[in-house]
Amino acid sequence: MKGRWGAGPLLALALAAPAAAGETRTGEVARLAELFPKEGAAREFEAGYRRHLDWHQRVGDPWRSHGWLVTTGDRAGTFVEGTFGHSWADLDTALRPREEAYDKAVNVLAYATAGLNVHLTRLPAHSRGPEEDTLRAPLLTVVRVRADGDGGAFWTAADGLYGSQPRQGYRTTGGPAGSFVLFLPHANWAEFGPLEEALTRLLERAGPEFGEAHVETLRRCIDMSYPLER
């Protein structure tokens, strides 16, 4: 299957449990995965996914989730979703996991194939601005690199190039060792121009200093995020 976190281009985010307004942030952990709509079933997948979010709403799930569609690169069309701001202990307290799994199987996995699930840990020292603001941006360019140790060379370069620009930095758990992720939010493609200028300089160093690097841009799907905004 194309686009696996460890082998192909970038980000594997996704299906996780969502949240109600006023959610309390308890930590820096995100749960992420990926979903590949089956050939010819994109509309059925979207409708089924919305039914699945309706289930979360009916049971009053307290976890917020964000849904995106990959719009660039060879994984275009992949759906990704994540829930953010948790502690590790939170992951033991998902609401009605058996019921959620059954509803997902009926409404979502009948029309899509599940990809890799991973966790991200946010790195406040390499993040600027509220995480929630970044996640709600209409477009999100995501950079993933493989780097030795704590990724110090990559983060030094990224922090220097992007300065006070809103962004979020993460390290991964559950994928290849030494993987780090940078989220760059933008409202439209016009705003991508200045980001891309710095990104070009950042990726020039990727080969000798960081190792493999991948880039994708995701479009936020308001009607496939939770709490429901439609």
# chains A, B, ... in the order shown; residues from 1 in each chain; ligands from 1
>>> closest_atom_pairs(of="region 90-155 of chain A", to="region 165-173 of chain A", cutoff="6 Å", atoms="only C-alpha atoms", output="Markdown table")
| residue | atom | partner | partner_atom | distance |
| --- | --- | --- | --- | --- |
| A:His119 | CA | A:Thr173 | CA | 5.1 |
| A:Leu120 | CA | A:Thr172 | CA | 4.5 |
| A:Thr121 | CA | A:Tyr170 | CA | 5.3 |
| A:Arg122 | CA | A:Tyr170 | CA | 4.4 |
| A:Leu123 | CA | A:Tyr170 | CA | 5.2 |
| A:His126 | CA | A:Gly169 | CA | 5.3 |
| A:Ser127 | CA | A:Gln168 | CA | 4.3 |
| A:Arg128 | CA | A:Pro166 | CA | 4.8 |
| A:Gly129 | CA | A:Pro166 | CA | 5.2 |
>>> residues_around(residues="region 109-114 of chain A", least_positions_apart="6", cutoff="7 Å", atoms="only C-alpha atoms", output="PyMOL selection string")
chain A and resi 34-38+41+44-45
>>> residues_around(residues="Glu46 (chain A)", least_positions_apart="2", cutoff="10 Å", atoms="only C-alpha atoms", output="ChimeraX atom specification")
/A:37,41-44,48-52,79,107-108,111-112,223-224
>>> write_last_selection(atoms="N, CA and C atoms", output="short mmCIF file (atom, residue, chain, number, x, y, z; two decimals), in the first residue's frame")
data_model
loop_
_atom_site.label_atom_id
_atom_site.label_comp_id
_atom_site.auth_asym_id
_atom_site.auth_seq_id
_atom_site.Cartn_x
_atom_site.Cartn_y
_atom_site.Cartn_z
N PRO A 37 -9.29 5.69 1.21
CA PRO A 37 -10.58 5.32 0.61
C PRO A 37 -10.39 4.30 -0.50
N ALA A 41 -14.86 4.52 -4.07
CA ALA A 41 -15.74 4.61 -2.89
C ALA A 41 -15.49 5.89 -2.08
N ALA A 42 -14.94 6.93 -2.70
CA ALA A 42 -14.62 8.14 -1.94
C ALA A 42 -15.87 8.77 -1.34
N ARG A 43 -16.95 8.85 -2.09
CA ARG A 43 -18.17 9.47 -1.57
C ARG A 43 -18.77 8.63 -0.45
N GLU A 44 -18.77 7.32 -0.63
CA GLU A 44 -19.31 6.44 0.42
C GLU A 44 -18.47 6.54 1.68
N GLY A 48 -19.89 7.76 5.24
CA GLY A 48 -19.75 6.85 6.37
C GLY A 48 -18.95 7.45 7.50
N TYR A 49 -17.92 8.21 7.16
CA TYR A 49 -17.11 8.84 8.19
C TYR A 49 -17.93 9.86 8.97
N ARG A 50 -18.77 10.60 8.26
CA ARG A 50 -19.63 11.57 8.95
C ARG A 50 -20.61 10.86 9.87
N ARG A 51 -21.12 9.70 9.44
CA ARG A 51 -21.99 8.92 10.33
C ARG A 51 -21.22 8.49 11.57
N HIS A 52 -19.96 8.16 11.41
CA HIS A 52 -19.14 7.76 12.55
C HIS A 52 -18.96 8.94 13.51
N PHE A 79 -6.93 10.22 3.53
CA PHE A 79 -7.55 10.97 4.63
C PHE A 79 -6.73 10.73 5.89
N ASN A 107 -19.23 1.75 9.40
CA ASN A 107 -19.42 3.00 8.66
C ASN A 107 -18.18 3.51 7.94
N VAL A 108 -17.00 3.11 8.38
CA VAL A 108 -15.77 3.65 7.80
C VAL A 108 -14.96 2.59 7.07
N TYR A 111 -15.45 1.10 3.59
CA TYR A 111 -15.15 1.92 2.41
C TYR A 111 -13.71 2.41 2.36
N ALA A 112 -12.89 2.00 3.31
CA ALA A 112 -11.51 2.47 3.36
C ALA A 112 -10.63 1.42 4.02
N ASP A 223 -16.13 19.45 7.87
CA ASP A 223 -17.27 18.56 8.10
C ASP A 223 -16.86 17.13 8.41
N MET A 224 -15.54 16.89 8.52
CA MET A 224 -15.04 15.58 8.92
C MET A 224 -14.11 15.73 10.12
#
>>> closest_residue(among="A:Ser87, A:Thr26, A:Thr141, A:Thr78", to="His186 (chain A)", atoms="only C-alpha atoms")
A:Thr141
>>> atom_distance(atom1="CA of His214 (chain A)", atom2="CA of Trp68 (chain A)")
17.3 Å
>>> closest_residue(among="A:Asp74, A:Glu81, A:Glu216, A:Glu209", to="Leu140 (chain A)", atoms="only C-alpha atoms")
A:Glu216
>>> select_by_dssp(residues="region 6-222 of chain A", states="strand (DSSP E or B)", output="PyMOL selection string")
chain A and resi 29-37+65-70+79-86+112-114+118-122+128+139-146+167-173+179-186+213-220
>>> closest_residue(among="A:Gly73, A:Gly40, A:Gly27, A:Pro130", to="Trp88 (chain A)", atoms="only C-alpha atoms")
A:Gly27
>>> closest_residue(among="A:Ser179, A:Ser65, A:Thr72, A:Ser164", to="Gly151 (chain A)", atoms="only C-alpha atoms")
A:Ser179
>>> select_by_dssp(residues="region 38-171 of chain A", states="helix (DSSP H, G or I)", output="ChimeraX atom specification")
/A:42-58,89-92,97-107,124-126,131-135,152-162
>>> atom_distance(atom1="CA of Arg144 (chain A)", atom2="CA of Leu182 (chain A)")
6.4 Å
>>> closest_residue(among="A:Pro97, A:Gly149, A:Gly160, A:Gly85", to="Leu199 (chain A)", atoms="only C-alpha atoms")
A:Gly160
>>> atom_distance(atom1="CA of Leu161 (chain A)", atom2="CA of Gly67 (chain A)")
28.1 Å
